[in-house]
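Everything below concerns the one structure shown next.
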Amino acid sequence: MLSQRKFEIGEGIQDFNQMESYLGRALAPISPRKEFVDNLRGRLANSPQSNTRGLSTIEYLFFATAGLVSSLLLLIASIRACLALIGALKYLRHPRNSIDKSGPVSLI
Amino acid sequence: MQLNDDILLSQAAQGDQEAFGSLYERYVDRIYNYIFYRTGNLHDAEDLTERVFLRAMRHIGNYKDRGLPFSAWLYRIAHNLVANWHRDNNRRKEIPLDEGLLTSHQGEHPETELLRLEERERLLRVIRVLPEDRQQLLILKFVEHLSNAEIGLIMGRTEGAVKSLYHRTLLAMRDEFDVDLLSS
């Protein structure tokens, strides 16, 4: 039985055309359940995300520019904060120099 | 009159649910079949088909027409989801054959039918040990009846590359058949 079946299939697959027809028979399309198709159709129609759409070019440019300006402002603010911090550290390390430069306070 | 995909796509991208519904009805069978033959069971085919269309709907506003048909975009989503499914479940080689695959032909002699189903089961087993791209090619060609050019668009290959891959796939299948027959 096995040898006979092997012969049948083995003989068939020697020829690509026969193999193609064999594949065509075996890989027949199937239909999804109608209930599934209808339910999914309903879910897609009622999905709150249905109205989601991509950004238009103008919207994209607006958000890109806003992002760039915000980043620049943040950078400037950070640099100013760093400079202020450096200044404060210098003052803390050498507080006398600052006092000497201004001179003693005369009470007279 | 049936609107073409481009018009429906632009309407769907503007949030027209009816337009997306029409696209869904046009492609649901194809996507379902593709997933079914890649996973081998009805339950996962339904689950993944649903995910494909939900994802497509969520991102349809970002869809850019790059000369590819809309179906190619859907197949790519399906392909990615199926690849994730195989990776997550790691059950590629132990997929049970669902009743949907083994539908009987009425009026056939029971023995003939049994032989036919055995052959079909063997064929599907051989297909499942092929690399993913080859499985995809066979399903698109025989289940979806797409041309080499259309398959090329979906798989991101030239028509010649698809032809070549197809030829190598048939050769590999012939070898696999021999191995499968010897082991059974």
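Each chain in the structure tokens gets a letter, A, B and so on, in the order shown; residues start at 1 in every chain, and ligands are counted from 1 in the order they appear.
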
*asked:* Considering only alpha helix (DSSP H) as DSSP defines it on the backbone, what residues of stretch 27-136 of chain B qualify? List them as number ranges by chain.
replied: B: 27-39, 42-59, 70-89, 110-128, 132-136

Produce a table with one row for each residue of chain B that has an atom at most 8 Å from any atom of chain A, each row naming the nearest atom pair and its distance in Å at one decimal; use only C-alpha atoms; arrange rows by chain and rising residue number; format as a tab-separated table.
residue	atom	partner	partner_atom	distance
B:Ala13	CA	A:Arg53	CA	5.8
B:Gln14	CA	A:Arg53	CA	6.3
B:Gly15	CA	A:Asn51	CA	4.3
B:Asp16	CA	A:Asn51	CA	7.4
B:Gln17	CA	A:Ala45	CA	5.9
B:Glu18	CA	A:Ala45	CA	7.6
B:Gly21	CA	A:Arg41	CA	6.6
B:Tyr24	CA	A:Arg41	CA	7.6
B:Val28	CA	A:Val37	CA	7.6
B:Asp29	CA	A:Ser31	CA	6.4
B:Tyr32	CA	A:Pro32	CA	6.8
B:Asn33	CA	A:Pro29	CA	6.3
B:Glu46	CA	A:Phe36	CA	7.5
B:Glu50	CA	A:Leu40	CA	6.7
B:Phe53	CA	A:Leu44	CA	8.0
B:Leu54	CA	A:Leu44	CA	6.9
B:Met57	CA	A:Ser50	CA	6.3
B:Arg58	CA	A:Gln49	CA	6.1
B:His59	CA	A:Arg53	CA	7.3
B:Ile60	CA	A:Arg53	CA	6.9
B:Gly61	CA	A:Arg53	CA	4.0
B:Asn62	CA	A:Gly54	CA	4.9
B:Gly100	CA	A:Ile30	CA	7.6
B:Arg120	CA	A:Ala26	CA	5.5
B:Leu123	CA	A:Ala26	CA	7.5
B:Ile139	CA	A:Leu27	CA	7.4
B:Phe142	CA	A:Gly24	CA	5.4
B:Val143	CA	A:Pro29	CA	5.2
B:Glu144	CA	A:Pro29	CA	7.3
B:Leu170	CA	A:Phe16	CA	7.3
B:Arg174	CA	A:Ile13	CA	6.2
B:Phe177	CA	A:Gly10	CA	8.0
B:Asp178	CA	A:Gly10	CA	7.5
B:Leu181	CA	A:Lys6	CA	6.7

*atom CA of B:Leu171 to atom CA of B:Ser71, straight-line distance in Å*: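 Taking atom CA of B:Ser71 and atom CA of B:Leu171, their separation equals 28.7 Å.
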
*Atom pair atom CA of A:Gln18 / atom CA of B:Arg30: separation (Å)*: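 These two atoms are separated by 25.0 Å.
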
*Exercise: stretch 135-137 of chain B partners within 10 Å, only C-alpha atoms, chain neighbours under 3 positions left out, as a PyMOL selection string*: chain B and resi 34-35+37-38+75+79+124+126-132+140-144+146+148+151-152+154-155+162-163+165-166+169

*Residue nearest B:Gly40 - candidates B:Glu113, B:Thr158, B:Trp85, B:Ser147, atoms counted: only C-alpha atoms*: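 For B:Gly40, the nearest of the candidates is B:Trp85.
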
*What gap, in Å, lies between atom CA of B:Tyr27 and atom CA of B:Ser164?*
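Value for the atom CA of B:Tyr27-atom CA of B:Ser164 distance: 27.6 Å.
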
*asked:* Which residues are near B:Val82? Cut-off 9 Å, only C-alpha atoms, ignore same chain within fewer than 4 positions. Put them as a PyMOL selection string.
replied: chain B and resi 35+38-39+48+77-78+86-87

*Looking at only C-alpha atoms, which of B:Glu25, B:Glu150, B:Leu117, B:Arg66 is the one that sits closest to A:Lys34?*
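Closest residue, counting only C-alpha atoms: B:Glu25.
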